[in-house]
>>> print(open('model36.pdb').read())   # PDB, C-alpha atoms
ATOM      1  CA  MET A  20     152.179  26.023-251.153
ATOM      2  CA  GLU A  21     151.642  23.272-248.626
ATOM      3  CA  ARG A  22     154.858  21.235-248.388
ATOM      4  CA  GLY A  23     153.066  17.855-248.345
ATOM      5  CA  PHE A  24     151.391  18.478-251.708
ATOM      6  CA  TRP A  25     154.650  19.659-253.292
ATOM      7  CA  ASP A  26     156.632  16.655-252.046
ATOM      8  CA  GLU A  27     153.991  14.171-253.208
ATOM      9  CA  TRP A  28     153.714  15.874-256.596
ATOM     10  CA  CYS A  29     157.479  15.794-257.163
ATOM     11  CA  THR A  30     157.693  12.154-256.046
ATOM     12  CA  ALA A  31     154.771  11.127-258.251
ATOM     13  CA  LEU A  32     156.495  12.294-261.446
ATOM     14  CA  ALA A  33     159.333  10.485-263.177
ATOM     15  CA  ILE A  34     161.172  13.078-265.254
ATOM     16  CA  THR A  35     163.620  11.673-267.811
ATOM     17  CA  ASN A  36     166.696  13.277-269.373
ATOM     18  CA  ASP A  37     164.802  14.001-272.594
ATOM     19  CA  VAL A  38     162.344  16.161-270.579
ATOM     20  CA  LYS A  39     159.539  13.642-270.802
ATOM     21  CA  TYR A  40     157.694  12.588-267.711
ATOM     22  CA  SER A  41     155.313   9.928-266.535
ATOM     23  CA  ILE A  42     153.238   9.508-263.410
ATOM     24  CA  LYS A  43     154.808   6.937-261.081
ATOM     25  CA  LYS A  44     152.166   6.846-258.357
ATOM     26  CA  GLU A  45     148.978   8.440-257.129
ATOM     27  CA  HIS A  46     149.156  11.748-255.288
ATOM     28  CA  LYS A  47     146.838  14.343-253.784
ATOM     29  CA  ASP A  48     144.376  15.877-256.200
ATOM     30  CA  THR A  49     143.942  19.172-254.328
ATOM     31  CA  ILE A  50     146.313  21.809-253.010
ATOM     32  CA  ASP A  51     145.340  22.316-249.361
ATOM     33  CA  ASN A  52     146.747  25.736-248.508
ATOM     34  CA  LYS A  53     143.901  26.254-246.022
ATOM     35  CA  SER A  54     145.777  23.943-243.644
ATOM     36  CA  LEU A  55     148.470  26.649-243.403
ATOM     37  CA  MET A  56     146.052  29.259-242.042
ATOM     38  CA  GLU A  57     145.034  29.921-238.431
ATOM     39  CA  ASP A  58     141.648  28.495-237.493
ATOM     40  CA  MET A  59     138.841  31.002-238.012
ATOM     41  CA  HIS A  60     141.118  33.401-239.974
ATOM     42  CA  GLN A  61     141.374  33.971-243.706
ATOM     43  CA  PHE A  62     144.609  35.992-243.775
ATOM     44  CA  ARG A  63     146.610  34.938-240.693
ATOM     45  CA  MET A  64     149.033  32.082-241.211
ATOM     46  CA  LYS A  65     149.993  29.618-238.491
ATOM     47  CA  ASP A  66     153.468  29.705-236.957
ATOM     48  CA  LEU A  67     155.165  27.749-239.753
ATOM     49  CA  THR A  68     158.676  26.778-240.739
ATOM     50  CA  TYR A  69     159.798  27.445-244.304
ATOM     51  CA  LYS A  70     160.686  24.264-246.229
ATOM     52  CA  GLN A  71     159.280  22.136-243.427
ATOM     53  CA  ASP A  72     155.614  23.176-243.527
ATOM     54  CA  PHE A  73     155.471  25.067-246.829
ATOM     55  CA  VAL A  74     157.486  25.955-249.925
ATOM     56  CA  LEU A  75     157.582  29.143-251.970
ATOM     57  CA  LEU A  76     157.018  28.709-255.685
ATOM     58  CA  PRO A  77     157.505  31.199-258.490
ATOM     59  CA  LYS A  78     154.261  32.375-260.046
ATOM     60  CA  TYR A  79     155.081  30.585-263.331
ATOM     61  CA  VAL A  80     155.279  27.264-261.428
ATOM     62  CA  TYR A  81     152.312  27.784-259.102
ATOM     63  CA  TYR A  82     149.916  29.035-261.796
ATOM     64  CA  PRO A  83     149.817  25.805-263.871
ATOM     65  CA  LEU A  84     149.639  23.650-260.726
ATOM     66  CA  SER A  85     146.681  25.642-259.415
ATOM     67  CA  LYS A  86     144.906  25.150-262.763
ATOM     68  CA  TRP A  87     145.578  21.391-262.881
ATOM     69  CA  TYR A  88     144.659  20.764-259.240
ATOM     70  CA  ALA A  89     141.888  22.369-257.207
ATOM     71  CA  CYS A  90     143.114  25.073-254.835
ATOM     72  CA  GLU A  91     140.603  26.890-252.644
ATOM     73  CA  LYS A  92     143.093  29.161-250.854
ATOM     74  CA  GLU A  93     145.796  30.975-252.801
ATOM     75  CA  ILE A  94     148.426  32.639-250.624
ATOM     76  CA  THR A  95     150.338  35.424-252.351
ATOM     77  CA  ARG A  96     153.302  37.452-251.218
ATOM     78  CA  THR A  97     153.385  41.118-252.022
ATOM     79  CA  VAL A  98     156.800  42.637-252.622
ATOM     80  CA  ILE A  99     157.174  46.359-252.136
TER
END
>>> encode(input="model36.pdb", output="structure tokens")
Amino acid sequence: MERGFWDEWCTALAITNDVKYSIKKEHKDTIDNKSLMEDMHQFRMKDLTYKQDFVLLPKYVYYPLSKWYACEKEITRTVI
């Protein structure tokens, strides 16, 4: 997932000790994973730095986020 979206999403939420949350500020309304891809390519990623340009999320975290916010490009990692 694009690092900018993740950082803004985490900052926008105020999570309390009783596991309730509220929205503190506006944030992006789309996940822009296309910005991580090489121009004119659908499967080739740019030369990126982990945790600086993108973050890896478990499927159980990414799935709800991708349903709540529009995401045109899902990037998956296949483990063999």
>>> residues_near_point(input="model36.pdb", point="(153.3, 21.4, -250.2)", cutoff="10 Å", atoms="all atoms listed in the file", output="list in words")
Met20, Glu21, Arg22, Gly23, Phe24, Trp25, Asp26, Glu27, Trp28, Cys29, Ile50, Asp51, Asn52, Leu55, Lys70, Gln71, Asp72, Phe73, Val74, Leu75 and Leu76 of chain A
>>> write_last_selection(input="model36.pdb", atoms="C-alpha atoms", output="compact mmCIF listing (two decimals), keeping the file's coordinate frame")
# COMPACT_ATOMS: atom_id res chain seq x y z
CA MET A 20 152.18 26.02 -251.15
CA GLU A 21 151.64 23.27 -248.63
CA ARG A 22 154.86 21.24 -248.39
CA GLY A 23 153.07 17.86 -248.34
CA PHE A 24 151.39 18.48 -251.71
CA TRP A 25 154.65 19.66 -253.29
CA ASP A 26 156.63 16.66 -252.05
CA GLU A 27 153.99 14.17 -253.21
CA TRP A 28 153.71 15.87 -256.60
CA CYS A 29 157.48 15.79 -257.16
CA ILE A 50 146.31 21.81 -253.01
CA ASP A 51 145.34 22.32 -249.36
CA ASN A 52 146.75 25.74 -248.51
CA LEU A 55 148.47 26.65 -243.40
CA LYS A 70 160.69 24.26 -246.23
CA GLN A 71 159.28 22.14 -243.43
CA ASP A 72 155.61 23.18 -243.53
CA PHE A 73 155.47 25.07 -246.83
CA VAL A 74 157.49 25.96 -249.92
CA LEU A 75 157.58 29.14 -251.97
CA LEU A 76 157.02 28.71 -255.68
>>> atom_distance(input="model36.pdb", atom1="atom CA of A:Ala89", atom2="atom CA of A:Met64")
20.0 Å
>>> resolve_selection(input="model36.pdb", expression="the PyMOL selection byres ((chain A and resi 94-97) around 9)", output="PyMOL selection string")
chain A and resi 20+52+62+92-93+98-99
>>> axis_aligned_box(input="model36.pdb", around="stretch 25-32 of chain A", padding_each_side="4 Å", output="JSON")
{"center_x": 155.7, "center_y": 15.4, "center_z": -256.7, "size_x": 12.0, "size_y": 16.5, "size_z": 17.4}
>>> atom_distance(input="model36.pdb", atom1="atom CA of A:Glu91", atom2="atom CA of A:Thr30")
22.8 Å
>>> atom_distance(input="model36.pdb", atom1="atom CA of A:Tyr88", atom2="atom CA of A:Gln61")
20.7 Å
